[in-house]
Amino acid sequence: MEKQYGLNDIVQMKKPHACGTNRWQVIRVGADIKIKCVECTRIVMMSREKFDKGLKKILESQN
């Protein structure tokens, strides 16, 4: 079962960001995933495989 996430969804990752929050907004979906920290607005880009492995749950879906 693949987790369903999309553009502008708010997700929770397994590891918290250095600023202390664990909420991320998905801002790009493709071969790579780009996420933005909700607290400090830092942007991180990672492969879809790494994102899928680190994703804990979807907090808010924009669908």
# chains A, B, ... in the order shown; residues from 1 in each chain; ligands from 1

call {"tool": "residues_around", "arguments": {"residues": "Leu7 (chain A)", "least_positions_apart": "3", "cutoff": "10 Å", "atoms": "only C-alpha atoms", "output": "number ranges by chain"}}
result
A: 10, 25-29, 33-35, 61-63

call {"tool": "write_last_selection", "arguments": {"atoms": "all heavy atoms", "output": "tab-separated table (two decimals), in the first residue's frame"}}
result
chain	number	residue	atom	x	y	z
A	10	ILE	N	0.28	18.76	4.14
A	10	ILE	CA	1.13	18.90	5.32
A	10	ILE	C	1.40	17.49	5.84
A	10	ILE	O	0.46	16.74	6.12
A	10	ILE	CB	0.45	19.75	6.42
A	10	ILE	CG1	0.04	21.12	5.88
A	10	ILE	CG2	1.36	19.89	7.64
A	10	ILE	CD1	1.18	22.02	5.47
A	25	GLN	N	5.43	20.99	4.47
A	25	GLN	CA	4.50	21.18	3.36
A	25	GLN	C	5.16	20.67	2.09
A	25	GLN	O	6.29	21.04	1.78
A	25	GLN	CB	4.15	22.66	3.21
A	25	GLN	CG	3.20	22.92	2.07
A	25	GLN	CD	2.88	24.40	1.91
A	25	GLN	OE1	3.54	25.25	2.47
A	25	GLN	NE2	1.87	24.68	1.13
A	26	VAL	N	4.46	19.82	1.35
A	26	VAL	CA	4.96	19.29	0.09
A	26	VAL	C	4.79	20.39	-0.97
A	26	VAL	O	3.67	20.82	-1.23
A	26	VAL	CB	4.20	18.01	-0.33
A	26	VAL	CG1	4.71	17.50	-1.66
A	26	VAL	CG2	4.33	16.95	0.75
A	27	ILE	N	5.89	20.85	-1.56
A	27	ILE	CA	5.79	21.93	-2.54
A	27	ILE	C	6.18	21.49	-3.96
A	27	ILE	O	6.01	22.24	-4.90
A	27	ILE	CB	6.63	23.17	-2.12
A	27	ILE	CG1	8.09	22.82	-1.92
A	27	ILE	CG2	6.05	23.78	-0.87
A	27	ILE	CD1	8.98	24.02	-1.68
A	28	ARG	N	6.70	20.25	-4.12
A	28	ARG	CA	6.98	19.72	-5.45
A	28	ARG	C	6.87	18.21	-5.39
A	28	ARG	O	7.40	17.58	-4.48
A	28	ARG	CB	8.38	20.11	-5.92
A	28	ARG	CG	8.71	19.57	-7.29
A	28	ARG	CD	10.11	20.01	-7.72
A	28	ARG	NE	10.39	19.59	-9.07
A	28	ARG	CZ	10.99	18.43	-9.37
A	28	ARG	NH1	11.32	17.59	-8.42
A	28	ARG	NH2	11.22	18.12	-10.62
A	29	VAL	N	6.17	17.63	-6.36
A	29	VAL	CA	6.04	16.18	-6.45
A	29	VAL	C	6.47	15.77	-7.84
A	29	VAL	O	6.02	16.31	-8.83
A	29	VAL	CB	4.57	15.74	-6.20
A	29	VAL	CG1	4.44	14.23	-6.34
A	29	VAL	CG2	4.10	16.19	-4.83
A	33	ILE	N	11.08	14.87	-4.42
A	33	ILE	CA	10.07	15.54	-3.61
A	33	ILE	C	10.74	16.74	-2.94
A	33	ILE	O	11.84	16.62	-2.40
A	33	ILE	CB	9.51	14.60	-2.51
A	33	ILE	CG1	9.00	13.30	-3.11
A	33	ILE	CG2	8.45	15.30	-1.69
A	33	ILE	CD1	7.74	13.42	-3.92
A	34	LYS	N	10.07	17.88	-2.97
A	34	LYS	CA	10.58	19.07	-2.30
A	34	LYS	C	9.60	19.41	-1.19
A	34	LYS	O	8.40	19.52	-1.44
A	34	LYS	CB	10.71	20.24	-3.28
A	34	LYS	CG	11.54	21.39	-2.75
A	34	LYS	CD	11.66	22.51	-3.77
A	34	LYS	CE	12.75	22.22	-4.77
A	34	LYS	NZ	13.05	23.41	-5.60
A	35	ILE	N	10.12	19.55	0.03
A	35	ILE	CA	9.28	19.86	1.18
A	35	ILE	C	9.80	21.12	1.87
A	35	ILE	O	11.00	21.40	1.82
A	35	ILE	CB	9.19	18.68	2.17
A	35	ILE	CG1	10.56	18.23	2.63
A	35	ILE	CG2	8.39	17.54	1.60
A	35	ILE	CD1	10.56	17.12	3.66
A	61	SER	N	-4.54	16.92	4.22
A	61	SER	CA	-4.56	16.66	2.79
A	61	SER	C	-5.30	17.78	2.07
A	61	SER	O	-6.35	18.23	2.54
A	61	SER	CB	-5.24	15.32	2.51
A	61	SER	OG	-5.21	15.05	1.13
A	62	GLN	N	-4.77	18.23	0.96
A	62	GLN	CA	-5.38	19.32	0.19
A	62	GLN	C	-6.30	18.80	-0.91
A	62	GLN	O	-6.84	19.57	-1.67
A	62	GLN	CB	-4.29	20.20	-0.43
A	62	GLN	CG	-3.40	20.87	0.59
A	62	GLN	CD	-4.16	21.79	1.53
A	62	GLN	OE1	-5.04	22.53	1.11
A	62	GLN	NE2	-3.82	21.74	2.79
A	63	ASN	N	-6.48	17.50	-1.01
A	63	ASN	CA	-7.32	16.92	-2.07
A	63	ASN	C	-8.78	17.14	-1.81
A	63	ASN	O	-9.33	17.13	-0.83
A	63	ASN	CB	-7.03	15.42	-2.21
A	63	ASN	CG	-5.61	15.21	-2.66
A	63	ASN	OD1	-4.94	16.13	-3.09
A	63	ASN	ND2	-5.15	14.00	-2.54

call {"tool": "residues_around", "arguments": {"residues": "region 30-32 of chain A", "least_positions_apart": "2", "cutoff": "9 Å", "atoms": "only C-alpha atoms", "output": "list in words"}}
result
Arg28, Lys34, Met45, Met46, Ser47, Arg48, Glu49 and Phe51 of chain A

call {"tool": "atom_distance", "arguments": {"atom1": "CA of Lys15 (chain A)", "atom2": "CA of Glu60 (chain A)"}}
result
18.1 Å

call {"tool": "residues_around", "arguments": {"residues": "Asn22 (chain A)", "least_positions_apart": "3", "cutoff": "9 Å", "atoms": "only C-alpha atoms", "output": "list in words"}}
result
Val11, Gln12, Met13, Lys14, Lys15, Pro16, His17, Cys19, Cys37, Val38 and Glu39 of chain A

call {"tool": "select_by_dssp", "arguments": {"residues": "chain A", "states": "strand (DSSP E)", "output": "MDAnalysis selection string"}}
result
chainID A and resid 10:13 23:29 32:37 43:47 55:60

call {"tool": "write_last_selection", "arguments": {"atoms": "C-alpha atoms", "output": "tab-separated table (two decimals), in the first residue's frame"}}
result
chain	number	residue	atom	x	y	z
A	10	ILE	CA	1.13	18.90	5.32
A	11	VAL	CA	3.06	15.77	6.33
A	12	GLN	CA	4.91	14.51	9.37
A	13	MET	CA	8.35	12.96	8.92
A	23	ARG	CA	5.43	19.56	10.06
A	24	TRP	CA	6.38	19.86	6.39
A	25	GLN	CA	4.50	21.18	3.36
A	26	VAL	CA	4.96	19.29	0.09
A	27	ILE	CA	5.79	21.93	-2.54
A	28	ARG	CA	6.98	19.72	-5.45
A	29	VAL	CA	6.04	16.18	-6.45
A	32	ASP	CA	12.16	14.14	-6.45
A	33	ILE	CA	10.07	15.54	-3.61
A	34	LYS	CA	10.58	19.07	-2.30
A	35	ILE	CA	9.28	19.86	1.18
A	36	LYS	CA	9.22	23.12	3.16
A	37	CYS	CA	9.43	23.32	6.94
A	43	ILE	CA	13.31	23.87	1.89
A	44	VAL	CA	14.65	20.32	1.54
A	45	MET	CA	14.72	18.25	-1.66
A	46	MET	CA	15.02	14.47	-1.58
A	47	SER	CA	14.38	11.46	-3.76
A	55	LEU	CA	7.20	9.76	5.86
A	56	LYS	CA	5.33	9.02	9.09
A	57	LYS	CA	1.82	10.29	8.26
A	58	ILE	CA	-0.18	12.85	6.33
A	59	LEU	CA	-1.54	15.49	8.71
A	60	GLU	CA	-3.58	17.66	6.31
